[in-house]
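A.B. asks: Here you go, this is coords_24.cif (mmCIF, C-alpha atoms and all ligand atoms).
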data_target
loop_
_atom_site.group_PDB
_atom_site.id
_atom_site.type_symbol
_atom_site.label_atom_id
_atom_site.label_comp_id
_atom_site.auth_asym_id
_atom_site.auth_seq_id
_atom_site.Cartn_x
_atom_site.Cartn_y
_atom_site.Cartn_z
ATOM 1 C CA MET W 1 226.237 -59.187 -184.630
ATOM 2 C CA ILE W 2 226.897 -59.311 -180.878
ATOM 3 C CA LYS W 3 227.975 -55.979 -179.464
ATOM 4 C CA PRO W 4 231.351 -56.007 -177.664
ATOM 5 C CA LEU W 5 229.756 -54.415 -174.606
ATOM 6 C CA THR W 6 227.279 -57.242 -174.285
ATOM 7 C CA VAL W 7 230.119 -59.766 -174.410
ATOM 8 C CA LEU W 8 231.904 -57.871 -171.662
ATOM 9 C CA ALA W 9 228.784 -57.728 -169.499
ATOM 10 C CA VAL W 10 228.231 -61.482 -169.921
ATOM 11 C CA LEU W 11 231.868 -62.232 -169.072
ATOM 12 C CA VAL W 12 231.827 -60.071 -165.960
ATOM 13 C CA GLY W 13 228.559 -61.640 -164.899
ATOM 14 C CA ALA W 14 229.909 -65.134 -165.458
ATOM 15 C CA THR W 15 233.125 -64.628 -163.457
ATOM 16 C CA GLY W 16 231.091 -63.150 -160.604
ATOM 17 C CA LEU W 17 228.950 -66.248 -160.634
ATOM 18 C CA LEU W 18 231.959 -68.547 -160.750
ATOM 19 C CA ARG W 19 233.563 -66.837 -157.808
ATOM 20 C CA ALA W 20 230.380 -67.079 -155.750
ATOM 21 C CA GLN W 21 230.122 -70.799 -156.440
ATOM 22 C CA LEU W 22 233.744 -71.775 -155.991
ATOM 23 C CA PRO W 23 233.658 -74.404 -153.244
ATOM 24 C CA GLY W 24 235.609 -73.458 -150.152
ATOM 25 C CA ALA W 25 235.959 -69.798 -151.095
ATOM 26 C CA PRO W 26 234.938 -67.740 -148.049
ATOM 27 C CA THR W 27 231.829 -65.641 -148.580
ATOM 28 C CA ILE W 28 232.341 -63.562 -145.438
ATOM 29 C CA ASP W 29 234.996 -60.892 -145.190
ATOM 30 C CA PHE W 30 235.839 -59.863 -141.635
ATOM 31 C CA ASN W 31 236.339 -56.153 -142.265
ATOM 32 C CA LYS W 32 233.339 -55.862 -144.515
ATOM 33 C CA HIS W 33 230.776 -58.045 -142.750
ATOM 34 C CA ILE W 34 231.830 -58.794 -139.151
ATOM 35 C CA LYS W 35 233.657 -55.739 -137.873
ATOM 36 C CA PRO W 36 230.581 -53.495 -138.355
ATOM 37 C CA ILE W 37 228.532 -55.883 -136.192
ATOM 38 C CA PHE W 38 231.041 -55.829 -133.341
ATOM 39 C CA SER W 39 231.400 -52.074 -133.748
ATOM 40 C CA LYS W 40 227.669 -51.433 -133.621
ATOM 41 C CA HIS W 41 226.720 -53.848 -130.834
ATOM 42 C CA CYS W 42 229.811 -54.635 -128.771
ATOM 43 C CA TYR W 43 232.531 -51.953 -128.778
ATOM 44 C CA GLU W 44 230.543 -49.849 -126.316
ATOM 45 C CA CYS W 45 231.591 -52.290 -123.591
ATOM 46 C CA HIS W 46 234.294 -54.423 -125.245
ATOM 47 C CA SER W 47 236.838 -52.158 -126.887
ATOM 48 C CA GLU W 48 240.487 -51.664 -126.095
ATOM 49 C CA SER W 49 240.614 -48.202 -127.660
ATOM 50 C CA ARG W 50 237.608 -47.089 -125.599
ATOM 51 C CA LYS W 51 239.098 -48.712 -122.494
ATOM 52 C CA LYS W 52 235.973 -50.805 -122.011
ATOM 53 C CA GLU W 53 236.926 -54.388 -121.342
ATOM 54 C CA LYS W 54 233.938 -56.042 -119.679
ATOM 55 C CA ALA W 55 234.756 -59.600 -118.616
ATOM 56 C CA GLY W 56 238.162 -59.116 -120.280
ATOM 57 C CA TYR W 57 236.827 -59.359 -123.847
ATOM 58 C CA VAL W 58 237.646 -56.830 -126.571
ATOM 59 C CA PHE W 59 236.580 -57.081 -130.200
ATOM 60 C CA ASP W 60 238.548 -54.196 -131.743
ATOM 61 C CA ASN W 61 242.105 -55.476 -131.227
ATOM 62 C CA LEU W 62 242.496 -58.322 -133.710
ATOM 63 C CA ASN W 63 245.412 -59.966 -131.903
ATOM 64 C CA ARG W 64 243.396 -60.095 -128.711
ATOM 65 C CA LEU W 65 240.293 -61.182 -130.603
ATOM 66 C CA ALA W 66 242.377 -64.028 -132.039
ATOM 67 C CA GLY W 67 242.947 -65.102 -128.427
ATOM 68 C CA SER W 68 239.176 -65.619 -128.111
ATOM 69 C CA ILE W 69 239.205 -67.919 -131.148
ATOM 70 C CA GLY W 70 240.188 -71.574 -130.755
ATOM 71 C CA GLU W 71 239.309 -74.802 -128.954
ATOM 72 C CA ASN W 72 237.500 -74.008 -125.682
ATOM 73 C CA GLU W 73 237.225 -70.337 -126.592
ATOM 74 C CA ILE W 74 234.023 -68.352 -127.228
ATOM 75 C CA ILE W 75 234.584 -68.733 -130.977
ATOM 76 C CA VAL W 76 235.436 -72.252 -132.141
ATOM 77 C CA PRO W 77 236.205 -72.160 -135.875
ATOM 78 C CA LYS W 78 234.017 -74.450 -137.996
ATOM 79 C CA ASN W 79 232.076 -75.507 -134.887
ATOM 80 C CA THR W 80 229.060 -73.270 -134.484
ATOM 81 C CA SER W 81 227.420 -75.395 -131.785
ATOM 82 C CA ALA W 82 230.526 -75.149 -129.566
ATOM 83 C CA SER W 83 230.825 -71.404 -130.121
ATOM 84 C CA ASP W 84 229.484 -69.634 -127.024
ATOM 85 C CA LEU W 85 229.472 -66.361 -128.903
ATOM 86 C CA LEU W 86 226.584 -67.504 -131.094
ATOM 87 C CA GLU W 87 224.683 -68.722 -128.080
ATOM 88 C CA ILE W 88 224.946 -65.486 -126.110
ATOM 89 C CA VAL W 89 224.051 -63.227 -129.031
ATOM 90 C CA THR W 90 220.891 -65.231 -129.726
ATOM 91 C CA MET W 91 219.682 -65.416 -126.092
ATOM 92 C CA LEU W 92 216.604 -63.309 -125.598
ATOM 93 C CA ASP W 93 217.320 -62.466 -121.984
ATOM 94 C CA GLY W 94 219.253 -63.652 -118.967
ATOM 95 C CA LYS W 95 222.534 -62.622 -117.451
ATOM 96 C CA ARG W 96 224.684 -63.926 -120.291
ATOM 97 C CA ALA W 97 222.655 -62.452 -123.156
ATOM 98 C CA MET W 98 224.790 -60.050 -125.244
ATOM 99 C CA PRO W 99 224.347 -57.205 -125.787
ATOM 100 C CA PRO W 100 222.783 -57.012 -122.309
ATOM 101 C CA ASP W 101 219.146 -56.194 -121.558
ATOM 102 C CA GLY W 102 217.862 -52.958 -122.974
ATOM 103 C CA LYS W 103 220.300 -52.876 -125.881
ATOM 104 C CA ASP W 104 219.329 -53.673 -129.478
ATOM 105 C CA LYS W 105 219.647 -57.376 -130.210
ATOM 106 C CA LEU W 106 221.501 -58.568 -133.284
ATOM 107 C CA SER W 107 219.303 -58.935 -136.347
ATOM 108 C CA GLU W 108 218.826 -62.364 -137.903
ATOM 109 C CA LYS W 109 221.031 -61.264 -140.770
ATOM 110 C CA GLU W 110 223.826 -60.264 -138.394
ATOM 111 C CA VAL W 111 223.606 -63.564 -136.519
ATOM 112 C CA MET W 112 223.699 -65.392 -139.857
ATOM 113 C CA ALA W 113 226.837 -63.475 -140.883
ATOM 114 C CA LEU W 114 228.555 -64.408 -137.595
ATOM 115 C CA ARG W 115 227.489 -68.028 -138.024
ATOM 116 C CA THR W 116 228.822 -68.207 -141.577
ATOM 117 C CA TRP W 117 232.057 -66.477 -140.560
ATOM 118 C CA ILE W 118 232.600 -69.143 -137.859
ATOM 119 C CA GLU W 119 231.655 -71.970 -140.247
ATOM 120 C CA GLU W 120 234.233 -70.661 -142.699
ATOM 121 C CA GLY W 121 236.986 -70.725 -140.062
ATOM 122 C CA ALA W 122 236.581 -67.397 -138.205
ATOM 123 C CA ASN W 123 239.320 -65.815 -140.277
ATOM 124 C CA LEU W 124 240.825 -62.474 -139.312
ATOM 125 C CA PRO W 125 242.723 -60.250 -141.730
ATOM 126 C CA GLY W 126 246.448 -60.920 -141.434
ATOM 127 C CA ILE W 127 246.107 -63.676 -138.819
ATOM 128 C CA ASP W 128 246.252 -67.351 -139.799
ATOM 129 C CA ILE W 129 243.738 -68.838 -137.372
ATOM 130 C CA ALA W 130 244.181 -72.418 -138.646
ATOM 131 C CA ALA W 131 247.953 -72.209 -138.086
ATOM 132 C CA LYS W 132 247.448 -70.714 -134.625
ATOM 133 C CA MET W 133 245.125 -73.584 -133.679
ATOM 134 C CA ALA W 134 247.501 -76.189 -135.072
ATOM 135 C CA SER W 135 250.392 -74.849 -133.004
ATOM 136 C CA GLU W 136 248.194 -74.679 -129.904
ATOM 137 C CA LYS W 137 247.215 -78.282 -130.504
ATOM 138 C CA ARG W 138 250.859 -79.344 -130.740
ATOM 139 C CA ALA W 139 251.676 -77.456 -127.531
ATOM 140 C CA ARG W 140 248.774 -78.940 -125.575
ATOM 141 C CA PRO W 141 249.877 -81.613 -123.096
ATOM 142 C CA LYS W 142 248.638 -85.018 -124.147
ATOM 143 C CA GLN W 143 245.868 -86.474 -122.064
ATOM 144 C CA VAL W 144 246.068 -89.948 -120.526
ATOM 145 C CA MET W 145 242.980 -91.898 -121.625
ATOM 146 C CA ASN W 146 241.503 -95.330 -121.137
ATOM 147 C CA TRP W 147 241.821 -97.702 -124.089
ATOM 148 C CA THR W 148 240.288 -101.156 -124.482
ATOM 149 C CA ASN W 149 241.043 -103.801 -127.051
ATOM 150 C CA ALA W 150 238.454 -106.098 -128.591
ATOM 151 C CA GLN W 151 239.167 -108.704 -125.879
ATOM 152 C CA GLY W 152 238.391 -106.188 -123.135
ATOM 153 C CA LYS W 153 242.007 -105.670 -122.019
ATOM 154 C CA LYS W 154 242.558 -102.138 -120.740
ATOM 155 C CA LEU W 155 245.454 -99.726 -121.105
ATOM 156 C CA ARG W 156 245.910 -96.198 -119.787
ATOM 157 C CA ALA W 157 247.874 -94.301 -122.394
ATOM 158 C CA THR W 158 248.226 -91.102 -124.389
ATOM 159 C CA PHE W 159 247.401 -91.010 -128.089
ATOM 160 C CA GLU W 160 250.643 -90.386 -130.009
ATOM 161 C CA GLY W 161 249.303 -90.472 -133.535
ATOM 162 C CA MET W 162 248.500 -92.861 -136.371
ATOM 163 C CA GLU W 163 250.929 -94.912 -138.398
ATOM 164 C CA GLY W 164 248.978 -96.249 -141.338
ATOM 165 C CA GLU W 165 246.215 -98.355 -139.791
ATOM 166 C CA ASN W 166 248.039 -98.583 -136.446
ATOM 167 C CA VAL W 167 247.304 -96.454 -133.412
ATOM 168 C CA LEU W 168 250.364 -95.361 -131.435
ATOM 169 C CA LEU W 169 249.652 -95.419 -127.707
ATOM 170 C CA LYS W 170 252.127 -94.495 -124.987
ATOM 171 C CA SER W 171 251.497 -96.117 -121.628
ATOM 172 C CA GLU W 172 252.015 -94.227 -118.383
ATOM 173 C CA GLU W 173 255.283 -96.167 -117.977
ATOM 174 C CA GLY W 174 256.474 -94.706 -121.261
ATOM 175 C CA THR W 175 256.202 -97.776 -123.511
ATOM 176 C CA VAL W 176 254.873 -97.009 -126.993
ATOM 177 C CA TYR W 177 252.515 -99.641 -128.425
ATOM 178 C CA LYS W 178 251.617 -99.918 -132.082
ATOM 179 C CA VAL W 179 248.062 -101.217 -131.985
ATOM 180 C CA PRO W 180 246.133 -102.157 -135.161
ATOM 181 C CA MET W 181 242.979 -100.022 -135.247
ATOM 182 C CA THR W 182 240.785 -103.087 -135.857
ATOM 183 C CA SER W 183 242.028 -104.797 -132.680
ATOM 184 C CA LEU W 184 240.602 -102.014 -130.509
ATOM 185 C CA SER W 185 237.102 -102.029 -129.043
ATOM 186 C CA GLN W 186 234.570 -100.004 -130.995
ATOM 187 C CA GLY W 187 234.599 -97.216 -128.390
ATOM 188 C CA SER W 188 238.388 -96.995 -128.502
ATOM 189 C CA GLN W 189 238.342 -96.928 -132.303
ATOM 190 C CA ILE W 190 236.055 -93.918 -132.190
ATOM 191 C CA GLN W 191 238.284 -92.328 -129.545
ATOM 192 C CA ALA W 192 241.324 -92.856 -131.784
ATOM 193 C CA GLN W 193 239.528 -91.366 -134.786
ATOM 194 C CA MET W 194 238.577 -88.304 -132.745
ATOM 195 C CA GLN W 195 242.165 -87.898 -131.542
ATOM 196 C CA ALA W 196 243.551 -88.303 -135.046
ATOM 197 C CA LYS W 197 241.459 -85.381 -136.322
HETATM 198 C C1 LIG W 201 226.330 -52.357 -122.432
HETATM 199 C C2 LIG W 201 227.545 -53.107 -122.280
HETATM 200 C C3 LIG W 201 227.767 -54.348 -123.092
HETATM 201 C C4 LIG W 201 227.592 -54.533 -124.443
HETATM 202 C C5 LIG W 201 227.050 -53.564 -125.465
HETATM 203 C C6 LIG W 201 228.067 -55.864 -124.724
HETATM 204 N N1 LIG W 201 228.514 -56.475 -123.582
HETATM 205 FE FE1 LIG W 201 229.368 -58.300 -123.414
HETATM 206 N N2 LIG W 201 229.535 -58.084 -121.423
HETATM 207 C C7 LIG W 201 229.149 -56.962 -120.694
HETATM 208 C C8 LIG W 201 229.332 -57.198 -119.280
HETATM 209 C C9 LIG W 201 228.994 -56.221 -118.149
HETATM 210 C C10 LIG W 201 229.831 -58.501 -119.167
HETATM 211 C C11 LIG W 201 230.173 -59.260 -117.904
HETATM 212 C C12 LIG W 201 228.961 -60.027 -117.496
HETATM 213 C C13 LIG W 201 229.203 -60.889 -116.298
HETATM 214 O O1 LIG W 201 230.342 -61.303 -116.095
HETATM 215 O O2 LIG W 201 228.223 -61.147 -115.609
HETATM 216 C C14 LIG W 201 229.974 -59.026 -120.527
HETATM 217 C C15 LIG W 201 230.458 -60.264 -120.829
HETATM 218 C C16 LIG W 201 230.630 -60.742 -122.112
HETATM 219 C C17 LIG W 201 231.223 -62.009 -122.434
HETATM 220 C C18 LIG W 201 231.687 -63.059 -121.447
HETATM 221 C C19 LIG W 201 230.400 -63.734 -121.015
HETATM 222 C C20 LIG W 201 230.495 -65.179 -120.695
HETATM 223 O O3 LIG W 201 229.484 -65.668 -120.186
HETATM 224 O O4 LIG W 201 231.518 -65.803 -120.953
HETATM 225 C C21 LIG W 201 231.228 -62.113 -123.785
HETATM 226 C C22 LIG W 201 231.767 -63.263 -124.615
HETATM 227 C C23 LIG W 201 230.612 -60.923 -124.307
HETATM 228 N N3 LIG W 201 230.272 -60.108 -123.262
HETATM 229 C C24 LIG W 201 230.410 -60.686 -125.646
HETATM 230 C C25 LIG W 201 229.730 -59.584 -126.131
HETATM 231 C C26 LIG W 201 229.409 -59.403 -127.521
HETATM 232 C C27 LIG W 201 229.767 -60.360 -128.632
HETATM 233 C C28 LIG W 201 228.733 -58.228 -127.620
HETATM 234 C C29 LIG W 201 228.142 -57.630 -128.847
HETATM 235 C C30 LIG W 201 227.286 -58.468 -129.643
HETATM 236 C C31 LIG W 201 228.652 -57.676 -126.281
HETATM 237 N N4 LIG W 201 229.244 -58.537 -125.410
HETATM 238 C C32 LIG W 201 228.052 -56.455 -125.978
HETATM 239 C C33 LIG W 201 228.658 -55.780 -121.223
HETATM 240 C C34 LIG W 201 228.349 -55.575 -122.558
#
Since I need it in another form, could you write the structure as structure tokens?
Ligand code: HEC

C.D. replies:
Amino acid sequence: MIKPLTVLAVLVGATGLLRAQLPGAPTIDFNKHIKPIFSKHCYECHSESRKKEKAGYVFDNLNRLAGSIGENEIIVPKNTSASDLLEIVTMLDGKRAMPPDGKDKLSEKEVMALRTWIEEGANLPGIDIAAKMASEKRARPKQVMNWTNAQGKKLRATFEGMEGENVLLKSEEGTVYKVPMTSLSQGSQIQAQMQAK
């Protein structure tokens, strides 16, 4: 006969395993894994409560930390190569290396935790980073770009979105063109795909 306790142990073990393997479930928890790293290595010089705000960065006020997360910020969610933070904490020396010369560098494990946290979306407790980035994207003024069709005809226009397989382009005069994706040059097709992301 199987003992009830054994069944329980197997069940607990199995759900733990399931949770760990659930695709998309974050493995890094900010308070548990990331905050201690900032606290140990960064608060000394970047903390609002300690009134140390070198270069204007603080890592203990989550609302202000959220301001350092986004496109063109030091932390770019899901884009580790664009995230300056990872670069400066892995530099061995130089003016930008953080923590600065003489201070203990982050361990490989700590760097890996930061990397995974960024890959998983740089989430902060109570702050919806994806929603913040989406609203920033909507608020960003659209950029006039050069577009070329397959015949080499050029148009300067802003990308207004996709409508099925058509690209909506607004010329500088304000006319909106509905251009089939396949009629654009290859470079412009890639540009449209990037914009549509
Ligand atoms: C001993 C003090 C000290 C510690 C500890 C420290 N910093 Fe800094 N940090 C500075 C100073 C000073 C500057 C301004 C450097 C400059 O502008 O030349 C700076 C600047 C920065 C910048 C802006 C640099 C840039 O090039 O954009 C970032 C981001 C940063 N620190 C992140 C961190 C992180 C993350 C940690 C912890 C892993 C950390 N710092 C630990 C002193 C510190």

A.B. asks: List every protein, DNA or RNA residue that has an atom no more than 12 Å from (242.2, -88.2, -137.6) in the file's coordinate frame, counting only C-alpha atoms, and report them as a CSV table (one decimal) with C-alpha atoms, keeping the file's coordinate frame.

C.D. replies:
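point-v5.csv was written with the following content:
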chain,number,residue,atom,x,y,z
W,159,PHE,CA,247.4,-91.0,-128.1
W,160,GLU,CA,250.6,-90.4,-130.0
W,161,GLY,CA,249.3,-90.5,-133.5
W,162,MET,CA,248.5,-92.9,-136.4
W,163,GLU,CA,250.9,-94.9,-138.4
W,164,GLY,CA,249.0,-96.2,-141.3
W,165,GLU,CA,246.2,-98.4,-139.8
W,166,ASN,CA,248.0,-98.6,-136.4
W,167,VAL,CA,247.3,-96.5,-133.4
W,189,GLN,CA,238.3,-96.9,-132.3
W,190,ILE,CA,236.1,-93.9,-132.2
W,191,GLN,CA,238.3,-92.3,-129.5
W,192,ALA,CA,241.3,-92.9,-131.8
W,193,GLN,CA,239.5,-91.4,-134.8
W,194,MET,CA,238.6,-88.3,-132.7
W,195,GLN,CA,242.2,-87.9,-131.5
W,196,ALA,CA,243.6,-88.3,-135.0
W,197,LYS,CA,241.5,-85.4,-136.3

A.B. asks: Please return as number ranges by chain the residues found within 9 Å of ligand LIG 201 (chain W), counting only C-alpha atoms and all ligand atoms.

C.D. replies: W: 37-46, 52-59, 68, 74-75, 84-86, 88-89, 95-106

A.B. asks: So which one's closest to Ser81 (chain W), W:Ile118, W:Leu124, W:Val144, W:Ala150? Using only C-alpha atoms, please.

C.D. replies: W:Ile118

A.B. asks: So how many Å separate CA of Leu65 (chain W) and CA of Lys51 (chain W), to one decimal?

C.D. replies: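 Taking CA of Leu65 (chain W) as the start and CA of Lys51 (chain W) as the end point, the length is 14.9 Å.
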
A.B. asks: Quick one: pull the distance between CA of Thr27 (chain W) and CA of Asn63 (chain W), Å, one decimal.

C.D. replies: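 Value for the CA of Thr27 (chain W)-CA of Asn63 (chain W) distance: 22.2 Å.
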
A.B. asks: Using CA of Glu73 (chain W) and CA of Met112 (chain W) as the two end points, give the distance in Å to one decimal.

C.D. replies: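 Computed distance, CA of Glu73 (chain W) to CA of Met112 (chain W), equals 19.6 Å.
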
A.B. asks: On this file, the PyMOL selection byres (((chain W and resi 76-78) around 6) and not hetatm) gives some set of residues; write that set as a PDB file with C-alpha atoms, keeping the file's coordinate frame.

C.D. replies:
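The resulting file, part-v7.pdb, is shown below:
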ATOM      1  CA  ILE W  69     239.205 -67.919-131.148  1.00  0.00           C
ATOM      2  CA  GLY W  70     240.188 -71.574-130.755  1.00  0.00           C
ATOM      3  CA  GLU W  71     239.309 -74.802-128.954  1.00  0.00           C
ATOM      4  CA  ILE W  75     234.584 -68.733-130.977  1.00  0.00           C
ATOM      5  CA  ASN W  79     232.076 -75.507-134.887  1.00  0.00           C
ATOM      6  CA  SER W  83     230.825 -71.404-130.121  1.00  0.00           C
ATOM      7  CA  ILE W 118     232.600 -69.143-137.859  1.00  0.00           C
ATOM      8  CA  GLU W 119     231.655 -71.970-140.247  1.00  0.00           C
ATOM      9  CA  GLY W 121     236.986 -70.725-140.062  1.00  0.00           C
ATOM     10  CA  ALA W 122     236.581 -67.397-138.205  1.00  0.00           C
TER      11      ALA W 122
END

A.B. asks: Considering only C-alpha atoms, can you say which of W:Lys153, W:Val179, W:Leu184, W:Ile127 comes closest to Gly67 (chain W)?

C.D. replies: W:Ile127

A.B. asks: On this structure, the PyMOL selection byres (((chain W and resi 113) around 10) and not hetatm) would catch which residues? List them as a PyMOL selection string, sorted by chain and number.

C.D. replies: chain W and resi 27-30+33-34+37+107-112+114-119

A.B. asks: Put those residues in a file: C-alpha atoms, as a PDB file, in the frame of the given file.

C.D. replies:
ATOM      1  CA  THR W  27     231.829 -65.641-148.580  1.00  0.00           C
ATOM      2  CA  ILE W  28     232.341 -63.562-145.438  1.00  0.00           C
ATOM      3  CA  ASP W  29     234.996 -60.892-145.190  1.00  0.00           C
ATOM      4  CA  PHE W  30     235.839 -59.863-141.635  1.00  0.00           C
ATOM      5  CA  HIS W  33     230.776 -58.045-142.750  1.00  0.00           C
ATOM      6  CA  ILE W  34     231.830 -58.794-139.151  1.00  0.00           C
ATOM      7  CA  ILE W  37     228.532 -55.883-136.192  1.00  0.00           C
ATOM      8  CA  SER W 107     219.303 -58.935-136.347  1.00  0.00           C
ATOM      9  CA  GLU W 108     218.826 -62.364-137.903  1.00  0.00           C
ATOM     10  CA  LYS W 109     221.031 -61.264-140.770  1.00  0.00           C
ATOM     11  CA  GLU W 110     223.826 -60.264-138.394  1.00  0.00           C
ATOM     12  CA  VAL W 111     223.606 -63.564-136.519  1.00  0.00           C
ATOM     13  CA  MET W 112     223.699 -65.392-139.857  1.00  0.00           C
ATOM     14  CA  LEU W 114     228.555 -64.408-137.595  1.00  0.00           C
ATOM     15  CA  ARG W 115     227.489 -68.028-138.024  1.00  0.00           C
ATOM     16  CA  THR W 116     228.822 -68.207-141.577  1.00  0.00           C
ATOM     17  CA  TRP W 117     232.057 -66.477-140.560  1.00  0.00           C
ATOM     18  CA  ILE W 118     232.600 -69.143-137.859  1.00  0.00           C
ATOM     19  CA  GLU W 119     231.655 -71.970-140.247  1.00  0.00           C
TER      20      GLU W 119
END

A.B. asks: Restricting the calculation to all atoms listed in the file: of W:Ser171, W:Ser185, W:Asn123, W:Ser135, which residue gets closest to Gly152 (chain W)?

C.D. replies: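 Among the listed residues, the smallest separation from Gly152 (chain W) belongs to W:Ser185.
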
A.B. asks: For Gly126 (chain W), which of W:Ala66, W:Met145, W:Lys170, W:Lys154 is the closest residue, counting only C-alpha atoms?

C.D. replies: W:Ala66

A.B. asks: I need the residue nearest Gln186 (chain W) from this list: W:Thr148, W:Asn31, W:Gln143, W:Ser49. Use only C-alpha atoms for the distance.

C.D. replies: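 Nearest to Gln186 (chain W): W:Thr148.
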
A.B. asks: Restore N, CA and C atoms in region 48-70 of chain W and list the result as a PDB file, in the frame of the given file.

C.D. replies:
ATOM      1  N   GLU W  48     239.226 -52.089-126.697  1.00  0.00           N
ATOM      2  CA  GLU W  48     240.487 -51.664-126.095  1.00  0.00           C
ATOM      3  C   GLU W  48     240.666 -50.155-126.249  1.00  0.00           C
ATOM      4  N   SER W  49     240.363 -49.632-127.448  1.00  0.00           N
ATOM      5  CA  SER W  49     240.614 -48.202-127.660  1.00  0.00           C
ATOM      6  C   SER W  49     239.675 -47.339-126.818  1.00  0.00           C
ATOM      7  N   ARG W  50     238.509 -47.866-126.471  1.00  0.00           N
ATOM      8  CA  ARG W  50     237.608 -47.089-125.599  1.00  0.00           C
ATOM      9  C   ARG W  50     237.813 -47.424-124.120  1.00  0.00           C
ATOM     10  N   LYS W  51     238.804 -48.285-123.866  1.00  0.00           N
ATOM     11  CA  LYS W  51     239.098 -48.712-122.494  1.00  0.00           C
ATOM     12  C   LYS W  51     237.865 -49.306-121.801  1.00  0.00           C
ATOM     13  N   LYS W  52     237.117 -50.101-122.573  1.00  0.00           N
ATOM     14  CA  LYS W  52     235.973 -50.805-122.011  1.00  0.00           C
ATOM     15  C   LYS W  52     236.235 -52.287-122.239  1.00  0.00           C
ATOM     16  N   GLU W  53     236.533 -52.989-121.164  1.00  0.00           N
ATOM     17  CA  GLU W  53     236.926 -54.388-121.342  1.00  0.00           C
ATOM     18  C   GLU W  53     236.116 -55.284-120.424  1.00  0.00           C
ATOM     19  N   LYS W  54     234.809 -55.235-120.535  1.00  0.00           N
ATOM     20  CA  LYS W  54     233.938 -56.042-119.679  1.00  0.00           C
ATOM     21  C   LYS W  54     234.286 -57.521-119.818  1.00  0.00           C
ATOM     22  N   ALA W  55     234.421 -58.163-118.683  1.00  0.00           N
ATOM     23  CA  ALA W  55     234.756 -59.600-118.616  1.00  0.00           C
ATOM     24  C   ALA W  55     236.064 -59.918-119.341  1.00  0.00           C
ATOM     25  N   GLY W  56     236.857 -58.882-119.655  1.00  0.00           N
ATOM     26  CA  GLY W  56     238.162 -59.116-120.280  1.00  0.00           C
ATOM     27  C   GLY W  56     238.120 -59.313-121.779  1.00  0.00           C
ATOM     28  N   TYR W  57     236.927 -59.144-122.393  1.00  0.00           N
ATOM     29  CA  TYR W  57     236.827 -59.359-123.847  1.00  0.00           C
ATOM     30  C   TYR W  57     236.855 -58.033-124.602  1.00  0.00           C
ATOM     31  N   VAL W  58     237.700 -57.973-125.651  1.00  0.00           N
ATOM     32  CA  VAL W  58     237.646 -56.830-126.571  1.00  0.00           C
ATOM     33  C   VAL W  58     237.513 -57.376-127.995  1.00  0.00           C
ATOM     34  N   PHE W  59     236.817 -56.612-128.827  1.00  0.00           N
ATOM     35  CA  PHE W  59     236.580 -57.081-130.200  1.00  0.00           C
ATOM     36  C   PHE W  59     237.203 -56.154-131.241  1.00  0.00           C
ATOM     37  N   ASP W  60     237.952 -55.125-130.778  1.00  0.00           N
ATOM     38  CA  ASP W  60     238.548 -54.196-131.743  1.00  0.00           C
ATOM     39  C   ASP W  60     240.040 -54.421-131.937  1.00  0.00           C
ATOM     40  N   ASN W  61     240.689 -55.150-131.035  1.00  0.00           N
ATOM     41  CA  ASN W  61     242.105 -55.476-131.227  1.00  0.00           C
ATOM     42  C   ASN W  61     242.174 -56.899-131.779  1.00  0.00           C
ATOM     43  N   LEU W  62     242.593 -57.011-133.046  1.00  0.00           N
ATOM     44  CA  LEU W  62     242.496 -58.322-133.710  1.00  0.00           C
ATOM     45  C   LEU W  62     243.381 -59.378-133.066  1.00  0.00           C
ATOM     46  N   ASN W  63     244.552 -58.968-132.550  1.00  0.00           N
ATOM     47  CA  ASN W  63     245.412 -59.966-131.903  1.00  0.00           C
ATOM     48  C   ASN W  63     244.750 -60.517-130.648  1.00  0.00           C
ATOM     49  N   ARG W  64     244.095 -59.626-129.911  1.00  0.00           N
ATOM     50  CA  ARG W  64     243.396 -60.095-128.711  1.00  0.00           C
ATOM     51  C   ARG W  64     242.133 -60.860-129.087  1.00  0.00           C
ATOM     52  N   LEU W  65     241.469 -60.430-130.144  1.00  0.00           N
ATOM     53  CA  LEU W  65     240.293 -61.182-130.603  1.00  0.00           C
ATOM     54  C   LEU W  65     240.716 -62.601-131.013  1.00  0.00           C
ATOM     55  N   ALA W  66     241.884 -62.701-131.644  1.00  0.00           N
ATOM     56  CA  ALA W  66     242.377 -64.028-132.039  1.00  0.00           C
ATOM     57  C   ALA W  66     242.525 -64.938-130.816  1.00  0.00           C
ATOM     58  N   GLY W  67     242.836 -64.330-129.667  1.00  0.00           N
ATOM     59  CA  GLY W  67     242.947 -65.102-128.427  1.00  0.00           C
ATOM     60  C   GLY W  67     241.608 -65.669-127.961  1.00  0.00           C
ATOM     61  N   SER W  68     240.510 -65.104-128.464  1.00  0.00           N
ATOM     62  CA  SER W  68     239.176 -65.619-128.111  1.00  0.00           C
ATOM     63  C   SER W  68     238.677 -66.614-129.151  1.00  0.00           C
ATOM     64  N   ILE W  69     239.566 -66.985-130.087  1.00  0.00           N
ATOM     65  CA  ILE W  69     239.205 -67.919-131.148  1.00  0.00           C
ATOM     66  C   ILE W  69     240.057 -69.175-131.000  1.00  0.00           C
ATOM     67  N   GLY W  70     239.432 -70.326-130.876  1.00  0.00           N
ATOM     68  CA  GLY W  70     240.188 -71.574-130.755  1.00  0.00           C
ATOM     69  C   GLY W  70     239.373 -72.612-130.008  1.00  0.00           C
TER      70      GLY W  70
END
